[in-house]
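Asks: First the structure, which I've put down as structure tokens, then a few questions once you've had a look.
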2 protein chains.
Amino acid sequence: MSEAEIVAKLRALFPRVGDDAAVVGEQVITTDMLLEDVDFTRAIETRFLARKSLAVNLSDLAAMGAKPLHAVIALGVPPWLDVDAFFDALKEAAVEWRIEIVGGDLSRADKLIISVTAVGEAKQPLLRSGAKPGDRLYVSRPIGGSAAGLQFLQKPPQTPLFTQREVVESAIRRHVDPEPELDLGQKLVAIATACIDISDGLSTDVHHLCEASGVGAAIERARIPVFPGLGEARLGIDVRQAVLHGGEEYALLFTSALREAELSAKVRRPVYAIGRITREREVLLDGAKLAPGGWDHFAPVSS
Amino acid sequence: MSEAEIVAKLRALFPRVGDDAAVVGEQVITTDMLLEDVDFTRAIETRFLARKSLAVNLSDLAAMGAKPLHAVIALGVPPWLDVDAFFDALKEAAVEWRIEIVGGDLSRADKLIISVTAVGEAKQPLLRSGAKPGDRLYVSRPIGGSAAGLQFLQKPPQTPLFTQREVVESAIRRHVDPEPELDLGQKLVAIATACIDISDGLSTDVHHLCEASGVGAAIERARIPVFPGLGEARLGIDVRQAVLHGGEEYALLFTSALREAELSAKVRRPVYAIGRITREREVLLDGAKLAPGGWDHFAPVSS
């Protein structure tokens, strides 16, 4: 079965599966699993693995406009893992993001498996399905850094200049230690009409949002904010590819009738209008069709 | 770190970790992960893997006296898995046990990983910590079948007689398709003083219950109900070992001041008093010390 077939089957059997998190009463619940050699390699520092496993789940809560409540973690522990460092970092992240870890399950495993489930409170959850023609389409912060960071990790640039080094380090940091947009998500509850987090890449996630809302979008390439320094650094990164299709950004992609200046004032931080929601059910970039080209969770596993 | 050290660290960092499920308001939440080549092999039918991944979590809800509400599943999908059969069986089990699957996460993986988190409603959750000296100690059903079933799977008996074949098949069934004691758990809320499910083995789980309650126990071997036919079948099983130390039973082990006849009448089914809770903080079997000898989740992984 292809991923699309599996997802179609899942939605038929389990109708509530589909948004970033499932709405159950005034709560939302989400689960995300990170696997060694699929989502990360053991070259990544243990503390970042712990933080990221929580961050990707909290980003789903953020996309629903939810306030974090509690989480549980199931861990497959390989011999190489520094369990002490892992749990210390998990605790620190949980305190920082104000979520309590209330339960866990441990098994020995040959590769590291981190499966987190997070529960949040959302009296008015933000869904993917509320975008209306005429709404503006927003991203919450500059993107492309995570995909660039992953490339820098896999193939470190030779003899970078000082200014390039800063870009490399901050992009790697964005990749290994993403920040979930928790505060913004909660502020958007009364403001946004639809919201999703960019985990699969802008081009893929804008399709998810548009399909759920029964709309299309027209995006202007020049308005998409690029991760700081990436455009100028000449580090061998395909910036267009990273910005349009790079996954694991954990920026929010959302829609609202408000203008950029008004919305930024309301949430008291910059946000970036990159286009408009359209009645025609297709996604356009500068007038040409934009195909989903992001992360495919069902691409073959490299090991 | 040993398992004991890891668990001690976890409890220090995350104080709510410890019971079968964590209590959060009027809900309980639990997570359990099943791993290929650790918890099962791919020789087990797919439909049983789906059912069991839900059953082990529902057994934790049962032990808390909780009513199942909803669950999420993260799945690492290896090439050999029949995804269609897996989700069909999961749906069937969810309907049978009255829990809704509301969310999921799929990844490609080289081995099957099934990570389920289940949420239940429990206004008065049953804890491990309420056992009082003088209480009777109960098991909810005959035990030893799961460990025997696992041995039969690993080394099928040669030319069994007809009556032996029945025992073999029912023990294998107990192992691959355990039934969570959901109805009993909810009935025990007003009756039991402490409760745990037997996942690690009677000898280990009675220690968990006694340690949490600050008590000991005196068990009579002759009163422990043995899985039907196992004692007589002469199939090369160490019955004493299977009954005392065999894991993955998912029977409930609980305490109550009530006598067996009275308790059975209240819950309208047989339950089995196997001993007494004592003030002395040690676990005795027919007067001799009973050491924990059950399943160790941190035994080396065979692959």
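As shown in the structure tokens, the chain order sets the letters A, B, ...; within each chain, residues go from 1, and ligands are also counted from 1 in the order they appear.
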I need the chain B residues near chain A as JSON, numbers by chain; criterion: at most 6 Å, counting only C-alpha atoms.
Replies: {"B": [16, 17, 22, 32, 102, 103, 105, 107, 108, 297, 298]}
Asks: Please, could you write that set of residues out with C-alpha atoms as a PDB file, in the first residue's frame?
Replies:
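Okay, part.pdb is ready:
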```
ATOM      1  CA  ARG B  16       3.696  10.882  38.584  1.00  0.00           C
ATOM      2  CA  VAL B  17       5.324   7.997  36.696  1.00  0.00           C
ATOM      3  CA  ALA B  22      -0.958   8.061  35.304  1.00  0.00           C
ATOM      4  CA  ASP B  32       2.987   0.618  26.035  1.00  0.00           C
ATOM      5  CA  VAL B 102      -8.501   8.993  17.347  1.00  0.00           C
ATOM      6  CA  GLY B 103      -4.984   9.577  16.050  1.00  0.00           C
ATOM      7  CA  ASP B 105       1.561   8.386  13.213  1.00  0.00           C
ATOM      8  CA  SER B 107       6.787   5.699   9.689  1.00  0.00           C
ATOM      9  CA  ARG B 108       8.667   3.192   7.598  1.00  0.00           C
ATOM     10  CA  HIS B 297      12.169  -5.563  30.116  1.00  0.00           C
ATOM     11  CA  PHE B 298      15.825  -4.810  30.218  1.00  0.00           C
TER      12      PHE B 298
END
```
Asks: With a distance cut-off of 10 Å and only C-alpha atoms, select the neighbouring residues of Gly246 of chain A, excluding the residue or stretch itself and same-chain residues fewer than 5 positions from it, and output the selection as a count of residues only.
Replies: 20
Asks: Tell me which protein, DNA and RNA residues are within 12 Å of Gly130 of chain A, counting only C-alpha atoms, leaving out same-chain ones fewer than 6 positions away, and put them as a list in words.
Replies: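 Here the answer would be Asp19, Met64, Val189, Ile191, Ala192, Thr193, Ala194, Cys195, Ile196, Leu209, Cys210, Glu211, Ala212, Ser213, Gly214, Val215, Phe254, Thr255, Ser256, Ala257 and Ile277 of chain A.
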Asks: Find the residue from B:Val176, B:Pro125, B:Pro142, B:Lys187 that sits nearest to Lys266 of chain B; use only C-alpha atoms when measuring.
Replies: B:Lys187
Asks: Extract the full set of helix (DSSP H, G or I) residues from segment 7-249 of chain B according to DSSP on the backbone, and format it as number ranges by chain.
Replies: B: 7-13, 46-63, 83-96, 145-154, 162-176, 182-188, 202-213, 221-223, 239-245
Asks: I'd like the interatomic distance between atom CA of His245 of chain A and atom CA of Ala288 of chain A, to a tenth of an Å.
Replies: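 Separation of atom CA of His245 of chain A and atom CA of Ala288 of chain A: 15.6 Å.
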Asks: Using DSSP on the backbone, list every residue of segment 118-275 of chain B that comes out as strand (DSSP E or B), and give them as a list in words.
Replies: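 After running DSSP on the backbone, segment 118-275 of chain B has strand (DSSP E or B) at Ala118, Val119, Gly120, Glu121, Arg136, Leu137, Tyr138, Val139, Ile143, Ala194, Cys195, Ile196, Asp197, Gly216, Ala217, Ala218, Ile219, Val226, Leu252, Leu253, Phe254, Thr255, Ser256, Tyr272, Ala273, Ile274 and Gly275 of chain B.
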Asks: What's the separation between atom CA of Ala89 of chain B and atom CA of Glu45 of chain B, in Å to one decimal place?
Replies: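 Computing the Euclidean distance for atom CA of Ala89 of chain B and atom CA of Glu45 of chain B yields 10.6 Å.
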Asks: Quick check, in Å to one decimal: how far apart do atom CA of Val283 of chain A and atom CA of Gly216 of chain A lie?
Replies: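 Pair atom CA of Val283 of chain A / atom CA of Gly216 of chain A returns 5.3 Å.
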Asks: Got a sec: who's within 10 Å of Ile224 of chain A, counting only C-alpha atoms, leaving out chain neighbours fewer than 6 positions off, as a PDB file with N, CA and C atoms, in the first residue's frame?
Replies:
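Output (selection_31.pdb):
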```pdb
ATOM      1  N   TYR A 138      -0.477  32.667   5.893  1.00  0.00           N
ATOM      2  CA  TYR A 138       0.682  33.141   6.662  1.00  0.00           C
ATOM      3  C   TYR A 138       1.654  32.012   7.007  1.00  0.00           C
ATOM      4  N   VAL A 139       2.948  32.366   7.120  1.00  0.00           N
ATOM      5  CA  VAL A 139       3.875  31.516   7.871  1.00  0.00           C
ATOM      6  C   VAL A 139       4.342  32.310   9.080  1.00  0.00           C
ATOM      7  N   ARG A 141       7.282  32.174  10.698  1.00  0.00           N
ATOM      8  CA  ARG A 141       8.688  32.589  10.800  1.00  0.00           C
ATOM      9  C   ARG A 141       9.409  32.172   9.524  1.00  0.00           C
ATOM     10  N   PRO A 142      10.611  32.707   9.312  1.00  0.00           N
ATOM     11  CA  PRO A 142      11.363  32.343   8.114  1.00  0.00           C
ATOM     12  C   PRO A 142      11.628  30.835   8.069  1.00  0.00           C
ATOM     13  N   ILE A 143      11.585  30.267   6.876  1.00  0.00           N
ATOM     14  CA  ILE A 143      11.719  28.821   6.742  1.00  0.00           C
ATOM     15  C   ILE A 143      12.861  28.451   5.789  1.00  0.00           C
ATOM     16  N   GLY A 144      13.161  27.172   5.747  1.00  0.00           N
ATOM     17  CA  GLY A 144      14.262  26.661   4.910  1.00  0.00           C
ATOM     18  C   GLY A 144      15.477  26.285   5.742  1.00  0.00           C
ATOM     19  N   VAL A 243      13.215  26.059   1.030  1.00  0.00           N
ATOM     20  CA  VAL A 243      12.106  26.894   1.495  1.00  0.00           C
ATOM     21  C   VAL A 243      10.759  26.285   1.107  1.00  0.00           C
ATOM     22  N   LEU A 244      10.655  25.815  -0.133  1.00  0.00           N
ATOM     23  CA  LEU A 244       9.354  25.318  -0.608  1.00  0.00           C
ATOM     24  C   LEU A 244       9.051  23.907  -0.118  1.00  0.00           C
ATOM     25  N   TYR A 272       4.151  36.435   8.605  1.00  0.00           N
ATOM     26  CA  TYR A 272       4.454  36.735   7.217  1.00  0.00           C
ATOM     27  C   TYR A 272       3.341  36.256   6.290  1.00  0.00           C
ATOM     28  N   ALA A 273       2.631  37.217   5.669  1.00  0.00           N
ATOM     29  CA  ALA A 273       1.609  36.865   4.680  1.00  0.00           C
ATOM     30  C   ALA A 273       2.332  36.473   3.395  1.00  0.00           C
ATOM     31  N   ILE A 274       2.074  35.253   2.916  1.00  0.00           N
ATOM     32  CA  ILE A 274       2.789  34.783   1.720  1.00  0.00           C
ATOM     33  C   ILE A 274       1.847  34.579   0.545  1.00  0.00           C
ATOM     34  N   GLY A 275       0.543  34.820   0.759  1.00  0.00           N
ATOM     35  CA  GLY A 275      -0.378  34.628  -0.361  1.00  0.00           C
ATOM     36  C   GLY A 275      -1.814  34.701   0.104  1.00  0.00           C
TER      37      GLY A 275
END
```
